[in-house]
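Visitor: Below: one structure in structure tokens.
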Amino acid sequence: MSDCPDSAPELRARALRLLARREHSRAELARKLAAHAESREALEQLLDALAARRQLSDERYAEERTRQLARKYGAARIRLDLISKGVAAETAARLAQASGDADFERARAILARK
């Protein structure tokens, strides 16, 4: 791997390859691309452009991550995980609460069947 930073098109291609694999939060993608960017400003411009074209979305990332974690964890753990990944606290709390409500409804349905 070379030590010289990626040009803008190379950095964009690298970002799109990462996003093609799975959703990333803005903070997570910035962390992964920081070592390859020419400057912090170039990285921010790229992230802004991706967000403007809806190729990068913290909301979409948070929804997907919540679906994955809801199988195993409760609302508090989901909220903390989302915040640690750079998702806004309000978004994390809202999605974690929705997940908790769904858990309650599932438990109610199971109890009704018994």
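Ordering of the structure tokens sets the chain letters (A, B, ...), residue numbers begin anew at 1 in every chain, and ligands are numbered from 1 in the order given.
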Report the residues of segment 11-89 of chain A whose backbone DSSP state falls under helix (DSSP H, G or I), written as a PyMOL selection string.

Guide: chain A and resi 11-21+26-36+40-52+58-70+75-84+89

Visitor: Give me the residues within 12 Å of Ser39 of chain A as a ChimeraX atom specification, counting only C-alpha atoms and dropping any in the same chain fewer than 2 places off.

Guide: /A:4-8,11,30,33-37,41-46

Visitor: Give me a file of those residues, with all heavy atoms, as a short mmCIF file (atom, residue, chain, number, x, y, z; two decimals), in the first residue's frame.

Guide:
```cif
data_model
loop_
_atom_site.label_atom_id
_atom_site.label_comp_id
_atom_site.auth_asym_id
_atom_site.auth_seq_id
_atom_site.Cartn_x
_atom_site.Cartn_y
_atom_site.Cartn_z
N CYS A 4 1.17 7.72 -0.34
CA CYS A 4 0.59 8.96 -0.86
C CYS A 4 -0.94 8.90 -0.79
O CYS A 4 -1.53 7.84 -0.97
CB CYS A 4 1.07 9.25 -2.27
SG CYS A 4 0.57 8.03 -3.47
N PRO A 5 -1.56 10.02 -0.50
CA PRO A 5 -3.03 10.03 -0.36
C PRO A 5 -3.72 9.81 -1.71
O PRO A 5 -3.15 10.07 -2.77
CB PRO A 5 -3.32 11.42 0.19
CG PRO A 5 -2.13 12.23 -0.12
CD PRO A 5 -0.97 11.31 -0.23
N ASP A 6 -4.95 9.33 -1.64
CA ASP A 6 -5.76 9.12 -2.83
C ASP A 6 -6.19 10.45 -3.41
O ASP A 6 -6.43 11.41 -2.68
CB ASP A 6 -7.02 8.32 -2.49
CG ASP A 6 -6.72 6.87 -2.12
OD1 ASP A 6 -5.58 6.44 -2.31
OD2 ASP A 6 -7.64 6.19 -1.65
N SER A 7 -6.33 10.49 -4.74
CA SER A 7 -6.92 11.66 -5.38
C SER A 7 -8.42 11.64 -5.09
O SER A 7 -8.96 10.65 -4.58
CB SER A 7 -6.66 11.62 -6.88
OG SER A 7 -7.36 10.53 -7.46
N ALA A 8 -9.10 12.72 -5.42
CA ALA A 8 -10.54 12.81 -5.15
C ALA A 8 -11.31 11.66 -5.80
O ALA A 8 -12.15 11.02 -5.14
CB ALA A 8 -11.08 14.16 -5.58
N LEU A 11 -10.53 8.42 -3.89
CA LEU A 11 -11.16 8.43 -2.57
C LEU A 11 -12.65 8.15 -2.69
O LEU A 11 -13.22 7.38 -1.90
CB LEU A 11 -10.92 9.77 -1.87
CG LEU A 11 -11.35 9.86 -0.41
CD1 LEU A 11 -10.57 8.86 0.44
CD2 LEU A 11 -11.16 11.26 0.11
N ALA A 30 -15.88 8.15 7.71
CA ALA A 30 -14.82 9.16 7.83
C ALA A 30 -13.59 8.55 8.48
O ALA A 30 -12.45 8.80 8.04
CB ALA A 30 -15.32 10.35 8.64
N LEU A 33 -11.80 6.31 5.92
CA LEU A 33 -11.21 7.01 4.78
C LEU A 33 -10.14 8.04 5.17
O LEU A 33 -9.40 8.51 4.31
CB LEU A 33 -12.31 7.71 3.98
CG LEU A 33 -13.33 6.82 3.30
CD1 LEU A 33 -14.42 7.66 2.66
CD2 LEU A 33 -12.67 5.91 2.28
N ALA A 34 -10.06 8.39 6.43
CA ALA A 34 -9.16 9.47 6.88
C ALA A 34 -7.71 9.23 6.47
O ALA A 34 -7.02 10.17 6.06
CB ALA A 34 -9.27 9.66 8.38
N ALA A 35 -7.24 8.03 6.55
CA ALA A 35 -5.86 7.73 6.22
C ALA A 35 -5.57 7.87 4.72
O ALA A 35 -4.42 8.00 4.32
CB ALA A 35 -5.50 6.33 6.68
N HIS A 36 -6.62 7.84 3.91
CA HIS A 36 -6.45 7.87 2.46
C HIS A 36 -6.74 9.23 1.85
O HIS A 36 -6.51 9.44 0.67
CB HIS A 36 -7.35 6.82 1.81
CG HIS A 36 -7.13 5.44 2.36
ND1 HIS A 36 -6.05 4.67 2.00
CD2 HIS A 36 -7.82 4.72 3.27
CE1 HIS A 36 -6.10 3.53 2.65
NE2 HIS A 36 -7.17 3.53 3.43
N ALA A 37 -7.26 10.15 2.63
CA ALA A 37 -7.66 11.47 2.11
C ALA A 37 -6.47 12.43 2.08
O ALA A 37 -5.58 12.36 2.93
CB ALA A 37 -8.77 12.06 2.97
N GLU A 41 -10.53 18.58 4.76
CA GLU A 41 -11.53 19.30 3.95
C GLU A 41 -11.98 18.45 2.76
O GLU A 41 -13.16 18.42 2.43
CB GLU A 41 -10.97 20.64 3.46
CG GLU A 41 -10.69 21.64 4.55
CD GLU A 41 -9.38 21.35 5.30
OE1 GLU A 41 -8.44 20.77 4.72
OE2 GLU A 41 -9.33 21.70 6.49
N ALA A 42 -11.04 17.76 2.11
CA ALA A 42 -11.38 16.90 0.97
C ALA A 42 -12.30 15.77 1.42
O ALA A 42 -13.27 15.42 0.73
CB ALA A 42 -10.12 16.34 0.33
N LEU A 43 -12.01 15.22 2.59
CA LEU A 43 -12.84 14.15 3.13
C LEU A 43 -14.24 14.66 3.45
O LEU A 43 -15.24 14.02 3.10
CB LEU A 43 -12.18 13.56 4.38
CG LEU A 43 -12.94 12.44 5.08
CD1 LEU A 43 -13.18 11.28 4.13
CD2 LEU A 43 -12.17 11.99 6.31
N GLU A 44 -14.33 15.82 4.09
CA GLU A 44 -15.65 16.39 4.41
C GLU A 44 -16.45 16.71 3.14
O GLU A 44 -17.66 16.48 3.11
CB GLU A 44 -15.49 17.65 5.27
CG GLU A 44 -15.07 17.36 6.69
CD GLU A 44 -16.05 16.47 7.45
OE1 GLU A 44 -17.29 16.65 7.30
OE2 GLU A 44 -15.59 15.61 8.20
N GLN A 45 -15.79 17.20 2.12
CA GLN A 45 -16.48 17.48 0.86
C GLN A 45 -17.04 16.20 0.26
O GLN A 45 -18.17 16.17 -0.23
CB GLN A 45 -15.54 18.14 -0.15
CG GLN A 45 -15.26 19.59 0.14
CD GLN A 45 -14.29 20.18 -0.88
OE1 GLN A 45 -13.57 19.46 -1.58
NE2 GLN A 45 -14.28 21.50 -0.96
N LEU A 46 -16.25 15.14 0.29
CA LEU A 46 -16.71 13.86 -0.24
C LEU A 46 -17.91 13.35 0.56
O LEU A 46 -18.91 12.93 -0.02
CB LEU A 46 -15.59 12.83 -0.21
CG LEU A 46 -16.01 11.40 -0.57
CD1 LEU A 46 -16.48 11.33 -2.01
CD2 LEU A 46 -14.90 10.43 -0.29
#
```

Visitor: Would you mind telling me which residue in A:Leu47, A:Ile83, A:Ile110, A:Leu16 lies nearest to Ala96 of chain A when using only C-alpha atoms?

Guide: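 Looking at the shortest contact to Ala96 of chain A, the residue is A:Ile83.
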
Visitor: I need the residue nearest Gly100 of chain A from this list: A:Ala112, A:Leu69, A:Ser84, A:Arg54. Use only C-alpha atoms for the distance.

Guide: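 Smallest distance to Gly100 of chain A is found for A:Leu69.
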
Visitor: Residues within 12 Å of Lys32 of chain A, please, as an NGL selection string. Count only C-alpha atoms; anything in the same chain fewer than 6 positions from it doesn't count.

Guide: :A and (11 or 14-15 or 17-19 or 24-26 or 43 or 47)
